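Just my_file32.tsv here, TSV, C-alpha atoms:
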chain	number	residue	atom	x	y	z
M	1	MET	CA	0.00	0.00	0.00
M	2	SER	CA	1.05	3.60	-0.41
M	3	SER	CA	3.19	5.04	2.35
M	4	TYR	CA	0.99	8.10	2.95
M	5	ARG	CA	-1.95	6.04	4.20
M	6	ALA	CA	-2.43	4.92	7.76
M	7	GLU	CA	-1.81	1.24	8.40
M	8	LYS	CA	-5.02	-0.75	8.53
M	9	SER	CA	-6.05	-2.36	11.78
M	10	GLY	CA	-8.85	-4.53	13.12
M	11	LEU	CA	-11.46	-5.68	10.60
M	12	ALA	CA	-9.92	-3.58	7.82
M	13	ALA	CA	-6.57	-5.33	8.30
M	14	ASP	CA	-8.28	-8.72	8.26
M	15	ALA	CA	-10.12	-7.81	5.06
M	16	MET	CA	-6.90	-6.60	3.43
M	17	LYS	CA	-5.11	-9.85	4.35
M	18	LYS	CA	-7.96	-11.84	2.86
M	19	ILE	CA	-7.80	-9.82	-0.38
M	20	GLN	CA	-4.02	-10.12	-0.62
M	21	GLY	CA	-4.29	-13.85	0.08
M	22	LYS	CA	-5.92	-14.24	-3.35
M	23	TRP	CA	-2.72	-13.18	-5.13
M	24	ASP	CA	-1.39	-15.98	-7.36
M	25	LYS	CA	2.32	-15.60	-8.14
M	26	ALA	CA	2.28	-18.22	-10.90
M	27	LEU	CA	-0.62	-16.48	-12.65
M	28	ALA	CA	1.13	-13.13	-12.19
M	29	VAL	CA	4.30	-14.42	-13.88
M	30	GLU	CA	2.27	-15.87	-16.77
M	31	ALA	CA	0.10	-12.77	-17.17
M	32	MET	CA	2.87	-10.20	-16.89
M	33	SER	CA	5.09	-12.17	-19.28
M	34	TRP	CA	2.21	-12.11	-21.78
M	35	VAL	CA	1.75	-8.36	-21.25
M	36	SER	CA	5.49	-7.75	-21.63
M	37	GLN	CA	5.70	-9.84	-24.79
M	38	ASN	CA	2.81	-8.00	-26.47
M	39	THR	CA	3.64	-4.45	-25.39
M	40	GLY	CA	7.41	-4.60	-25.82
M	41	GLU	CA	7.90	-3.37	-22.25
M	42	PRO	CA	10.52	-5.43	-20.40
M	43	LEU	CA	9.62	-6.92	-17.03
M	44	PRO	CA	11.68	-5.82	-14.04
M	45	GLY	CA	14.82	-7.93	-13.64
M	46	GLY	CA	14.30	-11.18	-11.73
M	47	TYR	CA	10.51	-10.82	-11.78
M	48	ASP	CA	8.97	-13.61	-9.71
M	49	GLY	CA	5.31	-12.55	-9.54
M	50	ASP	CA	5.68	-10.29	-6.49
M	51	MET	CA	2.57	-8.16	-5.92
M	52	ALA	CA	4.43	-4.94	-5.05
M	53	VAL	CA	6.71	-5.21	-8.11
M	54	THR	CA	3.69	-5.84	-10.34
M	55	GLN	CA	1.89	-2.82	-8.91
M	56	GLU	CA	4.90	-0.59	-9.44
M	57	TRP	CA	5.35	-1.84	-13.04
M	58	LEU	CA	1.71	-1.21	-14.01
M	59	LYS	CA	1.00	1.82	-11.80
M	60	ASN	CA	1.52	4.59	-14.37
M	61	GLY	CA	-1.05	3.02	-16.74
M	62	LEU	CA	1.18	3.32	-19.81
M	63	ILE	CA	1.76	-0.43	-20.16
M	64	LEU	CA	-1.97	-1.16	-19.82
M	65	CYS	CA	-2.79	1.38	-22.53
M	66	LYS	CA	-0.15	-0.15	-24.80
M	67	LEU	CA	-1.81	-3.50	-24.19
M	68	ALA	CA	-5.18	-2.02	-25.16
M	69	ASN	CA	-3.65	-0.69	-28.39
M	70	TRP	CA	-2.17	-4.12	-29.09
M	71	VAL	CA	-5.61	-5.71	-28.68
M	72	LYS	CA	-7.28	-3.06	-30.84
M	73	PRO	CA	-5.00	-0.58	-32.62
M	74	THR	CA	-5.90	3.07	-31.99
M	75	ALA	CA	-8.08	2.15	-28.99
M	76	ILE	CA	-6.24	4.85	-27.02
M	77	LYS	CA	-4.81	8.00	-28.60
M	78	ALA	CA	-1.10	7.79	-29.35
M	79	SER	CA	-0.58	11.31	-27.96
M	80	LEU	CA	-1.41	9.98	-24.48
M	81	LEU	CA	1.26	7.31	-24.83
M	82	ALA	CA	4.14	9.52	-25.96
M	83	LYS	CA	5.91	9.45	-22.59
M	84	PRO	CA	5.26	7.92	-19.17
M	85	PRO	CA	3.11	10.25	-17.05
M	86	THR	CA	4.56	11.46	-13.76
M	87	LEU	CA	1.52	13.20	-12.31
M	88	ALA	CA	-0.84	11.05	-10.27
M	89	PHE	CA	-4.03	12.16	-12.01
M	90	LYS	CA	-2.52	11.42	-15.44
M	91	GLN	CA	-1.47	7.95	-14.31
M	92	MET	CA	-4.95	7.27	-12.93
M	93	GLU	CA	-6.47	8.60	-16.16
M	94	LEU	CA	-4.53	6.04	-18.20
M	95	ILE	CA	-5.58	3.20	-15.88
M	96	GLY	CA	-9.19	4.37	-16.21
M	97	LEU	CA	-8.90	4.46	-20.01
M	98	PHE	CA	-7.77	0.82	-19.98
M	99	VAL	CA	-10.69	-0.24	-17.77
M	100	ASP	CA	-13.12	1.75	-19.96
M	101	PHE	CA	-11.67	0.07	-23.05
M	102	LEU	CA	-12.26	-3.40	-21.58
M	103	LYS	CA	-15.83	-2.41	-20.67
M	104	LYS	CA	-16.64	-0.68	-23.99
M	105	GLU	CA	-15.27	-3.49	-26.16
M	106	ASN	CA	-17.01	-6.10	-23.97
M	107	LEU	CA	-13.76	-8.05	-23.60
M	108	VAL	CA	-14.17	-8.71	-19.88
M	109	GLN	CA	-17.33	-9.23	-17.88
M	110	GLU	CA	-18.28	-6.34	-15.63
M	111	SER	CA	-17.77	-8.51	-12.54
M	112	GLU	CA	-14.14	-9.14	-13.57
M	113	LEU	CA	-13.15	-5.49	-13.97
M	114	PHE	CA	-11.19	-3.51	-11.39
M	115	GLN	CA	-11.30	0.07	-10.22
M	116	THR	CA	-8.45	2.51	-10.82
M	117	VAL	CA	-7.72	2.78	-7.09
M	118	ASN	CA	-7.28	-1.02	-6.88
M	119	LEU	CA	-4.12	-0.70	-8.97
M	120	TYR	CA	-2.93	2.82	-8.21
M	121	GLU	CA	-3.06	2.49	-4.42
M	122	SER	CA	-2.68	-1.30	-4.39
M	123	THR	CA	-5.92	-1.82	-2.49
M	124	ASP	CA	-6.94	-4.92	-4.49
M	125	MET	CA	-4.16	-6.13	-6.77
M	126	PRO	CA	-5.69	-9.61	-7.26
M	127	SER	CA	-8.64	-7.99	-9.07
M	128	VAL	CA	-6.17	-6.33	-11.48
M	129	LEU	CA	-4.50	-9.67	-12.11
M	130	PHE	CA	-7.86	-11.41	-12.63
M	131	ALA	CA	-8.96	-8.73	-15.14
M	132	ILE	CA	-5.78	-9.21	-17.18
M	133	GLY	CA	-6.29	-12.96	-16.92
M	134	ALA	CA	-9.88	-12.57	-18.15
M	135	LEU	CA	-8.63	-10.52	-21.12
M	136	GLY	CA	-6.10	-13.25	-21.93
M	137	ARG	CA	-8.82	-15.88	-21.65
M	138	THR	CA	-11.10	-13.91	-24.01
M	139	LEU	CA	-8.32	-13.49	-26.58
M	140	GLN	CA	-7.71	-17.25	-26.61
M	141	LYS	CA	-10.52	-17.44	-29.21
M	142	GLU	CA	-8.18	-15.59	-31.59
M	143	ASN	CA	-5.08	-17.52	-30.43
M	144	ARG	CA	-3.61	-14.28	-29.03
M	145	GLY	CA	-4.32	-14.83	-25.34
M	146	PHE	CA	-2.98	-16.98	-22.53
M	147	GLY	CA	-4.36	-19.37	-19.97
M	148	VAL	CA	-7.39	-21.59	-20.31
M	149	ALA	CA	-9.82	-20.64	-23.07
M	150	GLU	CA	-13.39	-19.67	-22.19
M	151	SER	CA	-15.93	-22.45	-22.38
M	152	GLN	CA	-18.27	-22.18	-25.35
M	153	GLY	CA	-20.81	-24.57	-23.88
M	154	LYS	CA	-22.83	-27.21	-25.69
M	155	LYS	CA	-26.31	-26.59	-26.96
M	156	LYS	CA	-28.74	-29.27	-25.81
M	157	GLU	CA	-31.37	-30.60	-28.17
M	158	TRP	CA	-34.49	-32.07	-26.55
M	159	THR	CA	-37.19	-34.02	-28.36
M	160	ASP	CA	-40.84	-33.18	-27.78
M	161	GLU	CA	-41.26	-36.56	-26.08
M	162	GLN	CA	-38.50	-35.75	-23.56
M	163	LEU	CA	-39.98	-32.32	-22.84
M	164	LYS	CA	-43.48	-33.75	-22.24
M	165	ALA	CA	-42.13	-36.51	-19.98
M	166	GLY	CA	-40.70	-33.86	-17.64
M	167	GLN	CA	-44.12	-32.28	-17.14
M	168	ASN	CA	-45.45	-35.36	-15.31
M	169	ILE	CA	-42.76	-35.41	-12.63
M	170	ILE	CA	-43.36	-33.66	-9.32
M	171	GLY	CA	-40.04	-32.89	-7.74
M	172	LEU	CA	-39.42	-33.74	-4.11
M	173	GLN	CA	-38.34	-30.16	-3.45
M	174	MET	CA	-41.88	-29.02	-4.05
M	175	GLY	CA	-43.12	-30.80	-0.93
M	176	THR	CA	-46.76	-31.52	-0.34
M	177	ASN	CA	-49.87	-29.60	0.58
M	178	LYS	CA	-51.79	-32.48	2.20
M	179	GLY	CA	-53.35	-31.45	5.46
M	180	ALA	CA	-52.11	-27.87	5.24
M	181	ASN	CA	-54.57	-25.17	6.21
M	182	GLN	CA	-54.72	-22.06	8.33
M	183	SER	CA	-57.17	-23.25	10.95
M	184	GLY	CA	-56.20	-22.29	14.48
M	185	LEU	CA	-53.83	-19.61	13.27
M	186	ASN	CA	-54.05	-16.43	15.33
M	187	MET	CA	-51.92	-13.45	14.53
M	188	GLY	CA	-51.80	-10.41	16.76
M	189	LYS	CA	-54.38	-9.38	19.30
M	190	SER	CA	-57.94	-10.49	18.57
M	191	ARG	CA	-60.57	-7.82	18.14
M	192	ALA	CA	-62.36	-6.97	21.34
M	193	ILE	CA	-66.06	-6.28	20.80
M	194	MET	CA	-66.70	-5.08	24.34
M	195	ASP	CA	-64.14	-3.16	26.31
Starting from the file, give its structure as structure tokens.
Amino acid sequence: MSSYRAEKSGLAADAMKKIQGKWDKALAVEAMSWVSQNTGEPLPGGYDGDMAVTQEWLKNGLILCKLANWVKPTAIKASLLAKPPTLAFKQMELIGLFVDFLKKENLVQESELFQTVNLYESTDMPSVLFAIGALGRTLQKENRGFGVAESQGKKKEWTDEQLKAGQNIIGLQMGTNKGANQSGLNMGKSRAIMD
């Protein structure tokens, strides 16, 4: 986490440990190698999937925007990628442009996206890694991604006879209504006719 923030304690510290426990070093090495290969940006020397090193490498947003332009040329204006930004708001803008690109192009499901602060302030780095992994999984259809390809599913074909046979079955989850009624049920105070 950034040095200007107070250290988390109590439930917040427990929540942060749980989030950071989702970090997968092997996936990070695979994902960042893929990003490096396709953007031309070299990984830091001796990269072993460390979360802090990954955050520092991606923090300025330039590499993510280069990745977006590799996926779809001219997705992000070249003028924004001329030099690495040094100002915080410019770095966050580039991260936001990458997330918006993923959302707009429908490359990653909304539930797999991350927020700019998750990367910039390292509040949820596993979500950043999972989003890049989801992008790699989506691009497997074009043989440009990494990891396991998304399942395409199998379409089931049912005959009319099979569909009609299912209508006659009463599932056990439905229970029974034998003997059920509301007799003897009193709710609240009964109405007093004479007080």
Nearest residue to Gln91 (chain M) from the set M:Asp14, M:Glu110, M:Asp124, M:Glu56 (distances using only C-alpha atoms):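 Looking at the shortest contact to Gln91 (chain M), the residue is M:Glu56.
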Tell me which protein, DNA and RNA residues are within 6 Å of Leu67 (chain M), counting only C-alpha atoms, leaving out same-chain ones fewer than 3 positions away, and put them as a ChimeraX atom specification. /M:39,64,70
Distance criterion (all atoms listed in the file): nearest to Met51 (chain M) out of M:Ser122, M:Asn186, M:Thr74, M:Asn38: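 Using all atoms listed in the file, the shortest distance to Met51 (chain M) belongs to M:Ser122.
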Answer as a PyMOL selection string, residues within 12 Å of (-9.2, 1.2, -12.2) using all atoms listed in the file: chain M and resi 58-61+64+91-103+112-125+127-129+131
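If you look at CA of Val108 (chain M) and CA of Leu87 (chain M), they are 28.0 Å away from each other.
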So which residues fall inside 12 Å of (3.5, -8.4, -23.4) if we count all atoms listed in the file? Mind giving them as a ChimeraX atom specification? /M:29-43,58,63-71,132,136,144-146
State, in Å with one decimal place, the distance from CA of Gln109 (chain M) to CA of Trp23 (chain M).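 Separation of CA of Gln109 (chain M) and CA of Trp23 (chain M): 19.8 Å.
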Could you write region 66-77 of chain M as a PDB file, in the coordinates of the input, with all heavy atoms rebuilt where they are missing?
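Output contents, as saved in rebuild_38.pdb:
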ATOM      1  N   LYS M  66      -0.842   0.488 -23.671  1.00  0.00           N
ATOM      2  CA  LYS M  66      -0.150  -0.150 -24.800  1.00  0.00           C
ATOM      3  C   LYS M  66      -0.759  -1.518 -25.080  1.00  0.00           C
ATOM      4  O   LYS M  66      -0.884  -1.932 -26.230  1.00  0.00           O
ATOM      5  CB  LYS M  66       1.347  -0.280 -24.521  1.00  0.00           C
ATOM      6  CG  LYS M  66       2.091   1.032 -24.632  1.00  0.00           C
ATOM      7  CD  LYS M  66       3.580   0.840 -24.417  1.00  0.00           C
ATOM      8  CE  LYS M  66       4.321   2.145 -24.596  1.00  0.00           C
ATOM      9  NZ  LYS M  66       5.782   1.972 -24.450  1.00  0.00           N
ATOM     10  N   LEU M  67      -1.149  -2.216 -24.019  1.00  0.00           N
ATOM     11  CA  LEU M  67      -1.810  -3.500 -24.190  1.00  0.00           C
ATOM     12  C   LEU M  67      -3.154  -3.325 -24.891  1.00  0.00           C
ATOM     13  O   LEU M  67      -3.506  -4.104 -25.786  1.00  0.00           O
ATOM     14  CB  LEU M  67      -1.999  -4.192 -22.835  1.00  0.00           C
ATOM     15  CG  LEU M  67      -2.654  -5.569 -22.858  1.00  0.00           C
ATOM     16  CD1 LEU M  67      -1.778  -6.568 -23.607  1.00  0.00           C
ATOM     17  CD2 LEU M  67      -2.909  -6.064 -21.437  1.00  0.00           C
ATOM     18  N   ALA M  68      -3.893  -2.297 -24.512  1.00  0.00           N
ATOM     19  CA  ALA M  68      -5.180  -2.020 -25.160  1.00  0.00           C
ATOM     20  C   ALA M  68      -4.979  -1.738 -26.645  1.00  0.00           C
ATOM     21  O   ALA M  68      -5.747  -2.221 -27.483  1.00  0.00           O
ATOM     22  CB  ALA M  68      -5.865  -0.831 -24.481  1.00  0.00           C
ATOM     23  N   ASN M  69      -3.936  -0.981 -26.985  1.00  0.00           N
ATOM     24  CA  ASN M  69      -3.650  -0.690 -28.390  1.00  0.00           C
ATOM     25  C   ASN M  69      -3.156  -1.921 -29.138  1.00  0.00           C
ATOM     26  O   ASN M  69      -3.316  -2.016 -30.350  1.00  0.00           O
ATOM     27  CB  ASN M  69      -2.656   0.456 -28.526  1.00  0.00           C
ATOM     28  CG  ASN M  69      -3.329   1.804 -28.393  1.00  0.00           C
ATOM     29  OD1 ASN M  69      -4.543   1.912 -28.416  1.00  0.00           O
ATOM     30  ND2 ASN M  69      -2.536   2.839 -28.227  1.00  0.00           N
ATOM     31  N   TRP M  70      -2.552  -2.869 -28.446  1.00  0.00           N
ATOM     32  CA  TRP M  70      -2.170  -4.120 -29.090  1.00  0.00           C
ATOM     33  C   TRP M  70      -3.412  -4.951 -29.399  1.00  0.00           C
ATOM     34  O   TRP M  70      -3.520  -5.548 -30.467  1.00  0.00           O
ATOM     35  CB  TRP M  70      -1.206  -4.916 -28.191  1.00  0.00           C
ATOM     36  CG  TRP M  70      -0.916  -6.279 -28.726  1.00  0.00           C
ATOM     37  CD1 TRP M  70      -0.067  -6.594 -29.748  1.00  0.00           C
ATOM     38  CD2 TRP M  70      -1.500  -7.511 -28.294  1.00  0.00           C
ATOM     39  NE1 TRP M  70      -0.087  -7.950 -29.968  1.00  0.00           N
ATOM     40  CE2 TRP M  70      -0.956  -8.539 -29.097  1.00  0.00           C
ATOM     41  CE3 TRP M  70      -2.429  -7.842 -27.317  1.00  0.00           C
ATOM     42  CZ2 TRP M  70      -1.311  -9.878 -28.931  1.00  0.00           C
ATOM     43  CZ3 TRP M  70      -2.774  -9.176 -27.146  1.00  0.00           C
ATOM     44  CH2 TRP M  70      -2.218 -10.171 -27.948  1.00  0.00           C
ATOM     45  N   VAL M  71      -4.364  -4.957 -28.472  1.00  0.00           N
ATOM     46  CA  VAL M  71      -5.610  -5.710 -28.680  1.00  0.00           C
ATOM     47  C   VAL M  71      -6.396  -5.083 -29.831  1.00  0.00           C
ATOM     48  O   VAL M  71      -6.859  -5.787 -30.727  1.00  0.00           O
ATOM     49  CB  VAL M  71      -6.466  -5.734 -27.395  1.00  0.00           C
ATOM     50  CG1 VAL M  71      -7.833  -6.338 -27.659  1.00  0.00           C
ATOM     51  CG2 VAL M  71      -5.746  -6.495 -26.291  1.00  0.00           C
ATOM     52  N   LYS M  72      -6.549  -3.778 -29.789  1.00  0.00           N
ATOM     53  CA  LYS M  72      -7.280  -3.060 -30.840  1.00  0.00           C
ATOM     54  C   LYS M  72      -6.505  -1.776 -31.159  1.00  0.00           C
ATOM     55  O   LYS M  72      -6.537  -0.826 -30.380  1.00  0.00           O
ATOM     56  CB  LYS M  72      -8.694  -2.720 -30.374  1.00  0.00           C
ATOM     57  CG  LYS M  72      -9.509  -2.025 -31.442  1.00  0.00           C
ATOM     58  CD  LYS M  72     -10.903  -1.700 -30.957  1.00  0.00           C
ATOM     59  CE  LYS M  72     -11.662  -0.978 -32.058  1.00  0.00           C
ATOM     60  NZ  LYS M  72     -12.946  -0.495 -31.574  1.00  0.00           N
ATOM     61  N   PRO M  73      -5.790  -1.774 -32.275  1.00  0.00           N
ATOM     62  CA  PRO M  73      -5.000  -0.580 -32.620  1.00  0.00           C
ATOM     63  C   PRO M  73      -5.865   0.685 -32.604  1.00  0.00           C
ATOM     64  O   PRO M  73      -7.030   0.659 -32.986  1.00  0.00           O
ATOM     65  CB  PRO M  73      -4.494  -0.898 -34.035  1.00  0.00           C
ATOM     66  CG  PRO M  73      -4.466  -2.389 -34.077  1.00  0.00           C
ATOM     67  CD  PRO M  73      -5.650  -2.835 -33.254  1.00  0.00           C
ATOM     68  N   THR M  74      -5.283   1.753 -32.143  1.00  0.00           N
ATOM     69  CA  THR M  74      -5.900   3.070 -31.990  1.00  0.00           C
ATOM     70  C   THR M  74      -7.036   3.089 -30.980  1.00  0.00           C
ATOM     71  O   THR M  74      -7.899   3.962 -31.024  1.00  0.00           O
ATOM     72  CB  THR M  74      -6.400   3.650 -33.342  1.00  0.00           C
ATOM     73  OG1 THR M  74      -7.508   2.882 -33.811  1.00  0.00           O
ATOM     74  CG2 THR M  74      -5.297   3.691 -34.383  1.00  0.00           C
ATOM     75  N   ALA M  75      -7.065   2.141 -30.055  1.00  0.00           N
ATOM     76  CA  ALA M  75      -8.080   2.150 -28.990  1.00  0.00           C
ATOM     77  C   ALA M  75      -7.863   3.354 -28.081  1.00  0.00           C
ATOM     78  O   ALA M  75      -8.811   3.953 -27.597  1.00  0.00           O
ATOM     79  CB  ALA M  75      -8.020   0.869 -28.188  1.00  0.00           C
ATOM     80  N   ILE M  76      -6.594   3.711 -27.871  1.00  0.00           N
ATOM     81  CA  ILE M  76      -6.240   4.850 -27.020  1.00  0.00           C
ATOM     82  C   ILE M  76      -5.309   5.752 -27.833  1.00  0.00           C
ATOM     83  O   ILE M  76      -4.385   5.274 -28.494  1.00  0.00           O
ATOM     84  CB  ILE M  76      -5.582   4.370 -25.715  1.00  0.00           C
ATOM     85  CG1 ILE M  76      -6.623   3.555 -24.928  1.00  0.00           C
ATOM     86  CG2 ILE M  76      -5.064   5.541 -24.896  1.00  0.00           C
ATOM     87  CD1 ILE M  76      -6.121   2.869 -23.723  1.00  0.00           C
ATOM     88  N   LYS M  77      -5.569   7.044 -27.792  1.00  0.00           N
ATOM     89  CA  LYS M  77      -4.810   8.000 -28.600  1.00  0.00           C
ATOM     90  C   LYS M  77      -3.311   7.885 -28.350  1.00  0.00           C
ATOM     91  O   LYS M  77      -2.860   7.803 -27.202  1.00  0.00           O
ATOM     92  CB  LYS M  77      -5.238   9.428 -28.266  1.00  0.00           C
ATOM     93  CG  LYS M  77      -6.601   9.797 -28.759  1.00  0.00           C
ATOM     94  CD  LYS M  77      -6.827  11.276 -28.562  1.00  0.00           C
ATOM     95  CE  LYS M  77      -8.064  11.501 -27.736  1.00  0.00           C
ATOM     96  NZ  LYS M  77      -8.280  12.886 -27.392  1.00  0.00           N
TER      97      LYS M  77
END
